[in-house]
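Engineer: If you scroll down you'll find the structure; I have some questions about it.
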Amino acid sequence: QVQLVESGGGLVQAGGSLGLSCVASGGTFSSRAMGWFRQAPGKEREFVAAIRLSGNVYYADFVKGRFTISRDNAKNTVLLQMNSLKPEDTAVYYCAAAAGTYYDERNYTLLKNYDYWGQGTQVTVSS
């Protein structure tokens, strides 16, 4: 059983930055790929970024060049640095642990391939 706890959300003006953190406990964090997803009001949860054990990273097109995902296996932590934030980035951000290892990187963008989720942290970007 893996427990995930996100932190670091808050209110920021457009163009600003925030750093999200997700700490894992109770499982084999270092053997799992990790992902960040987000859900805005009235919208479906969507993929933001993922990082594999190899360090390979994947991003949704709408965050490329602005967000950076990283992980520290010694601290069981995955981070999401968000720069140049826009009002449309406003959402609850969720950390998730992948259920398996996938050869096709597109699998890391799919919610159904993650079996543990955090409770989420609110990010609000004002215009």
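Order determines the names: the first chain of the structure tokens is A, the second B, and so forth; residues in each chain are numbered 1 upward, and ligands are numbered 1 upward as they are shown.
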Tell me which protein, DNA and RNA residues are within 7 Å of Phe67 of chain A, counting only C-alpha atoms, leaving out same-chain ones fewer than 5 positions away, and put them as an MDAnalysis selection string.

Structural biologist: chainID A and resid 80:83

Engineer: Per residue of segment 9-46 of chain A within 9 Å of segment 106-110 of chain A, note the shortest atom pair and the distance in Å to one decimal, counting only C-alpha atoms, and order the rows by chain and increasing residue number, as a Markdown table.

Structural biologist:
| residue | atom | partner | partner_atom | distance |
| --- | --- | --- | --- | --- |
| A:Ala33 | CA | A:Tyr108 | CA | 8.2 |
| A:Met34 | CA | A:Tyr108 | CA | 8.6 |
| A:Gly35 | CA | A:Tyr108 | CA | 7.5 |
| A:Phe37 | CA | A:Thr109 | CA | 8.8 |
| A:Glu46 | CA | A:Thr109 | CA | 8.2 |

Engineer: I want to know what sits within 9 Å of Val78 of chain A, based on only C-alpha atoms, with residues of the same chain fewer than 3 positions away left out; could you give that as a CSV table (one decimal) with all heavy atoms, in the first residue's frame?

Structural biologist:
chain,number,residue,atom,x,y,z
A,20,LEU,N,5.4,22.0,-6.4
A,20,LEU,CA,4.6,21.0,-5.7
A,20,LEU,C,5.5,19.9,-5.3
A,20,LEU,O,6.4,19.5,-6.0
A,20,LEU,CB,3.5,20.5,-6.6
A,20,LEU,CG,2.5,21.5,-7.2
A,20,LEU,CD1,1.4,20.8,-8.0
A,20,LEU,CD2,1.9,22.4,-6.1
A,21,SER,N,5.2,19.3,-4.2
A,21,SER,CA,5.9,18.2,-3.7
A,21,SER,C,5.0,17.0,-3.4
A,21,SER,O,3.8,17.3,-2.9
A,21,SER,CB,6.7,18.6,-2.4
A,21,SER,OG,7.3,17.5,-1.9
A,22,CYS,N,5.4,15.8,-3.6
A,22,CYS,CA,4.6,14.6,-3.3
A,22,CYS,C,5.5,13.6,-2.6
A,22,CYS,O,6.5,13.2,-3.1
A,22,CYS,CB,4.0,14.0,-4.5
A,22,CYS,SG,3.2,12.4,-4.3
A,23,VAL,N,5.2,13.3,-1.3
A,23,VAL,CA,6.0,12.4,-0.6
A,23,VAL,C,5.2,11.0,-0.5
A,23,VAL,O,4.0,11.0,-0.1
A,23,VAL,CB,6.2,12.9,0.9
A,23,VAL,CG1,7.0,11.9,1.7
A,23,VAL,CG2,7.0,14.2,0.8
A,24,ALA,N,5.9,10.0,-0.8
A,24,ALA,CA,5.4,8.6,-0.8
A,24,ALA,C,5.8,7.9,0.5
A,24,ALA,O,7.0,8.0,0.9
A,24,ALA,CB,5.8,7.9,-2.0
A,34,MET,N,6.2,7.8,-11.6
A,34,MET,CA,5.3,8.7,-10.9
A,34,MET,C,4.8,9.7,-11.9
A,34,MET,O,5.4,10.1,-12.8
A,34,MET,CB,6.0,9.4,-9.8
A,34,MET,CG,6.6,8.5,-8.7
A,34,MET,SD,5.3,7.6,-7.8
A,34,MET,CE,4.5,9.0,-6.9
A,35,GLY,N,3.6,10.2,-11.6
A,35,GLY,CA,2.9,11.1,-12.5
A,35,GLY,C,2.2,12.2,-11.7
A,35,GLY,O,1.9,12.1,-10.5
A,51,ILE,N,7.4,10.8,-14.7
A,51,ILE,CA,8.8,10.5,-14.7
A,51,ILE,C,9.0,9.0,-14.4
A,51,ILE,O,8.4,8.4,-13.4
A,51,ILE,CB,9.6,11.4,-13.7
A,51,ILE,CG1,11.1,11.1,-13.7
A,51,ILE,CG2,9.0,11.2,-12.3
A,51,ILE,CD1,11.9,12.2,-13.0
A,69,ILE,N,9.3,18.1,-14.0
A,69,ILE,CA,9.1,17.0,-13.0
A,69,ILE,C,10.4,16.4,-12.7
A,69,ILE,O,11.3,16.3,-13.5
A,69,ILE,CB,8.1,15.9,-13.6
A,69,ILE,CG1,7.7,14.9,-12.5
A,69,ILE,CG2,8.7,15.3,-14.8
A,69,ILE,CD1,6.6,14.0,-12.9
A,70,SER,N,10.6,16.1,-11.4
A,70,SER,CA,11.8,15.5,-11.0
A,70,SER,C,11.5,14.5,-9.8
A,70,SER,O,10.4,14.6,-9.2
A,70,SER,CB,12.9,16.5,-10.6
A,70,SER,OG,12.4,17.3,-9.5
A,71,ARG,N,12.4,13.7,-9.4
A,71,ARG,CA,12.2,12.8,-8.3
A,71,ARG,C,13.5,12.6,-7.5
A,71,ARG,O,14.6,12.7,-8.1
A,71,ARG,CB,11.7,11.4,-8.8
A,71,ARG,CG,12.7,10.6,-9.6
A,71,ARG,CD,11.9,9.4,-10.2
A,71,ARG,NE,11.5,8.5,-9.2
A,71,ARG,CZ,10.6,7.5,-9.4
A,71,ARG,NH1,10.0,7.4,-10.5
A,71,ARG,NH2,10.3,6.7,-8.4
A,72,ASP,N,13.3,12.4,-6.2
A,72,ASP,CA,14.4,12.1,-5.3
A,72,ASP,C,14.1,10.8,-4.6
A,72,ASP,O,13.3,10.8,-3.7
A,72,ASP,CB,14.6,13.2,-4.3
A,72,ASP,CG,15.8,13.0,-3.4
A,72,ASP,OD1,16.3,11.9,-3.3
A,72,ASP,OD2,16.3,14.0,-2.8
A,73,ASN,N,14.7,9.7,-5.1
A,73,ASN,CA,14.3,8.4,-4.6
A,73,ASN,C,14.8,8.2,-3.1
A,73,ASN,O,14.2,7.5,-2.3
A,73,ASN,CB,14.9,7.3,-5.4
A,73,ASN,CG,14.2,7.1,-6.8
A,73,ASN,OD1,13.1,7.5,-6.9
A,73,ASN,ND2,14.9,6.6,-7.8
A,75,LYS,N,14.5,10.4,-0.9
A,75,LYS,CA,13.5,11.0,0.0
A,75,LYS,C,12.1,10.6,-0.4
A,75,LYS,O,11.2,11.2,0.2
A,75,LYS,CB,13.7,12.5,-0.2
A,75,LYS,CG,15.0,13.1,0.3
A,75,LYS,CD,15.1,14.6,0.2
A,75,LYS,CE,16.4,15.1,0.7
A,75,LYS,NZ,16.5,16.6,0.5
A,95,CYS,N,-0.8,13.8,-7.4
A,95,CYS,CA,0.3,12.9,-7.6
A,95,CYS,C,-0.2,11.5,-7.7
A,95,CYS,O,-1.2,11.1,-7.0
A,95,CYS,CB,1.2,13.1,-6.4
A,95,CYS,SG,2.6,11.9,-6.2

Engineer: Please list as a list in words every residue within 7 Å of Ala60 of chain A, counting only C-alpha atoms and excluding residues in the same chain fewer than 3 positions away.

Structural biologist: Phe47, Val48, Ala49, Val63 and Lys64 of chain A

Engineer: Please, what distance in Å, to one decimal, runs between atom CA of Gly42 of chain A and atom CA of Asp115 of chain A?

Structural biologist: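 Answer for the atom CA of Gly42 of chain A to atom CA of Asp115 of chain A separation: 23.0 Å.
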
Engineer: Please list as a VMD selection string every residue within 8 Å of Leu53 of chain A, counting only C-alpha atoms and excluding residues in the same chain fewer than 2 positions away.

Structural biologist: chain A and resid 30 to 33 51 55 to 56

Engineer: Determine, counting only C-alpha atoms, which protein, DNA and RNA residues have an atom within 7 Å of an atom of Lys86 of chain A; residues of the same chain fewer than 3 positions away are not included. Present the result as a list of chain:residue names.

Structural biologist: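 Counting only C-alpha atoms, the residues come to A:Ala14, A:Gly15, A:Asp89, A:Val125.
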
Engineer: Can you write out the residues you just picked, keeping N, CA and C atoms, as a PDB file, in the first residue's frame?

Structural biologist:
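What landed in part.pdb:
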ATOM      1  N   ALA A  14      -0.625  35.308 -12.366  1.00  0.00           N
ATOM      2  CA  ALA A  14      -0.190  34.836 -13.679  1.00  0.00           C
ATOM      3  C   ALA A  14       1.254  35.263 -13.933  1.00  0.00           C
ATOM      4  N   GLY A  15       2.016  34.322 -14.470  1.00  0.00           N
ATOM      5  CA  GLY A  15       3.434  34.567 -14.706  1.00  0.00           C
ATOM      6  C   GLY A  15       4.329  34.125 -13.571  1.00  0.00           C
ATOM      7  N   ASP A  89      -4.115  27.186 -15.731  1.00  0.00           N
ATOM      8  CA  ASP A  89      -3.451  26.142 -14.947  1.00  0.00           C
ATOM      9  C   ASP A  89      -4.148  25.912 -13.608  1.00  0.00           C
ATOM     10  N   VAL A 125      -4.360  30.293 -10.064  1.00  0.00           N
ATOM     11  CA  VAL A 125      -3.574  31.323 -10.743  1.00  0.00           C
ATOM     12  C   VAL A 125      -4.508  32.475 -11.090  1.00  0.00           C
TER      13      VAL A 125
END

Engineer: Restricting the calculation to only C-alpha atoms, which member of A:Val57, A:Leu85, A:Leu18, A:Ser25 is positioned closest to Trp117 of chain A?

Structural biologist: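 For Trp117 of chain A, the nearest of the given residues is A:Ser25.
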
Engineer: Could you work out how far atom CA of Leu11 of chain A lies from atom CA of Ala50 of chain A, giving the answer in Å with one decimal?

Structural biologist: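 Atom CA of Leu11 of chain A lies 23.6 Å from atom CA of Ala50 of chain A.
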
Engineer: What are the DSSP helix (DSSP H, G or I) residues of segment 29-117 of chain A, as an mmCIF file with N, CA and C atoms, in the first residue's frame?

Structural biologist:
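What follows is the written file out_20.cif:
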data_model
loop_
_atom_site.group_PDB
_atom_site.id
_atom_site.type_symbol
_atom_site.label_atom_id
_atom_site.label_comp_id
_atom_site.auth_asym_id
_atom_site.auth_seq_id
_atom_site.Cartn_x
_atom_site.Cartn_y
_atom_site.Cartn_z
ATOM 1 N N PHE A 29 8.422 3.065 -3.538
ATOM 2 C CA PHE A 29 8.415 4.267 -4.373
ATOM 3 C C PHE A 29 9.467 4.184 -5.463
ATOM 4 N N SER A 30 10.649 3.733 -5.100
ATOM 5 C CA SER A 30 11.767 3.776 -6.035
ATOM 6 C C SER A 30 11.604 2.802 -7.197
ATOM 7 N N SER A 31 10.598 1.931 -7.158
ATOM 8 C CA SER A 31 10.373 0.975 -8.236
ATOM 9 C C SER A 31 9.222 1.387 -9.148
ATOM 10 N N ASP A 61 1.445 18.615 -23.720
ATOM 11 C CA ASP A 61 1.890 19.711 -24.585
ATOM 12 C C ASP A 61 1.676 21.078 -23.941
ATOM 13 N N PHE A 62 0.605 21.220 -23.175
ATOM 14 C CA PHE A 62 0.275 22.544 -22.640
ATOM 15 C C PHE A 62 1.190 22.975 -21.489
ATOM 16 N N VAL A 63 2.096 22.091 -21.025
ATOM 17 C CA VAL A 63 3.029 22.497 -19.970
ATOM 18 C C VAL A 63 4.489 22.421 -20.403
ATOM 19 N N ASN A 73 14.676 9.677 -5.121
ATOM 20 C CA ASN A 73 14.330 8.367 -4.572
ATOM 21 C C ASN A 73 14.782 8.219 -3.125
ATOM 22 N N ALA A 74 15.845 8.890 -2.751
ATOM 23 C CA ALA A 74 16.323 8.797 -1.371
ATOM 24 C C ALA A 74 15.320 9.396 -0.390
ATOM 25 N N LYS A 75 14.533 10.359 -0.885
ATOM 26 C CA LYS A 75 13.539 11.026 -0.030
ATOM 27 C C LYS A 75 12.110 10.602 -0.367
ATOM 28 N N PRO A 87 -3.724 31.481 -15.858
ATOM 29 C CA PRO A 87 -5.007 31.227 -15.178
ATOM 30 C C PRO A 87 -5.589 29.858 -15.515
ATOM 31 N N GLU A 88 -5.360 29.391 -16.730
ATOM 32 C CA GLU A 88 -5.899 28.081 -17.125
ATOM 33 C C GLU A 88 -5.173 26.921 -16.465
ATOM 34 N N ASP A 89 -4.115 27.186 -15.731
ATOM 35 C CA ASP A 89 -3.451 26.142 -14.947
ATOM 36 C C ASP A 89 -4.148 25.912 -13.608
ATOM 37 N N GLU A 105 5.372 4.845 -24.104
ATOM 38 C CA GLU A 105 5.336 5.973 -23.160
ATOM 39 C C GLU A 105 3.954 6.589 -23.045
ATOM 40 N N ARG A 106 3.115 6.381 -24.052
ATOM 41 C CA ARG A 106 1.774 6.947 -23.990
ATOM 42 C C ARG A 106 0.986 6.364 -22.820
ATOM 43 N N ASN A 107 1.349 5.199 -22.359
ATOM 44 C CA ASN A 107 0.647 4.601 -21.222
ATOM 45 C C ASN A 107 0.821 5.418 -19.950
ATOM 46 N N TYR A 108 1.875 6.183 -19.872
ATOM 47 C CA TYR A 108 2.106 6.994 -18.678
ATOM 48 C C TYR A 108 1.235 8.234 -18.641
ATOM 49 N N THR A 109 0.510 8.485 -19.693
ATOM 50 C CA THR A 109 -0.404 9.619 -19.720
ATOM 51 C C THR A 109 -1.826 9.218 -19.345
ATOM 52 N N LEU A 111 -4.809 7.759 -16.946
ATOM 53 C CA LEU A 111 -5.185 7.648 -15.531
ATOM 54 C C LEU A 111 -5.300 6.193 -15.102
ATOM 55 N N LYS A 112 -5.821 5.345 -15.980
ATOM 56 C CA LYS A 112 -6.098 3.955 -15.604
ATOM 57 C C LYS A 112 -4.832 3.167 -15.307
ATOM 58 N N ASN A 113 -3.682 3.700 -15.680
ATOM 59 C CA ASN A 113 -2.421 3.004 -15.436
ATOM 60 C C ASN A 113 -1.736 3.435 -14.146
#

Engineer: I'd like to know which of A:Arg45, A:Thr101, A:Arg52, A:Val92 is closest to Glu6 of chain A, using only C-alpha atoms.

Structural biologist: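 Of A:Arg45, A:Thr101, A:Arg52, A:Val92, the one nearest Glu6 of chain A is A:Val92, counting only C-alpha atoms.
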
Engineer: Running DSSP on the backbone, which parts of segment 64-111 of chain A land in strand (DSSP E), as a list in words?

Structural biologist: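 Secondary structure check on segment 64-111 of chain A, strand (DSSP E): Phe67, Thr68, Ile69, Ser70, Arg71, Asp72, Thr77, Val78, Leu79, Leu80, Gln81, Met82, Ala91, Val92, Tyr93, Tyr94, Cys95, Ala96, Ala97 and Ala98 of chain A.
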
Engineer: Just C-alpha atoms for this one: save the residues we selected as a tab-separated table (two decimals), in the first residue's frame.

Structural biologist:
chain	number	residue	atom	x	y	z
A	67	PHE	CA	6.79	22.71	-15.90
A	68	THR	CA	9.56	20.37	-14.75
A	69	ILE	CA	9.07	17.03	-13.04
A	70	SER	CA	11.82	15.45	-10.97
A	71	ARG	CA	12.22	12.79	-8.31
A	72	ASP	CA	14.45	12.08	-5.32
A	77	THR	CA	9.64	12.45	-3.27
A	78	VAL	CA	8.48	13.61	-6.67
A	79	LEU	CA	8.43	17.32	-7.46
A	80	LEU	CA	6.67	19.49	-10.00
A	81	GLN	CA	8.16	22.92	-10.60
A	82	MET	CA	5.66	25.16	-12.36
A	91	ALA	CA	-6.83	23.10	-10.85
A	92	VAL	CA	-6.39	20.52	-8.15
A	93	TYR	CA	-3.09	18.77	-8.79
A	94	TYR	CA	-2.74	15.08	-7.96
A	95	CYS	CA	0.31	12.92	-7.57
A	96	ALA	CA	0.01	9.28	-8.65
A	97	ALA	CA	2.07	6.09	-8.67
A	98	ALA	CA	2.12	3.96	-11.81
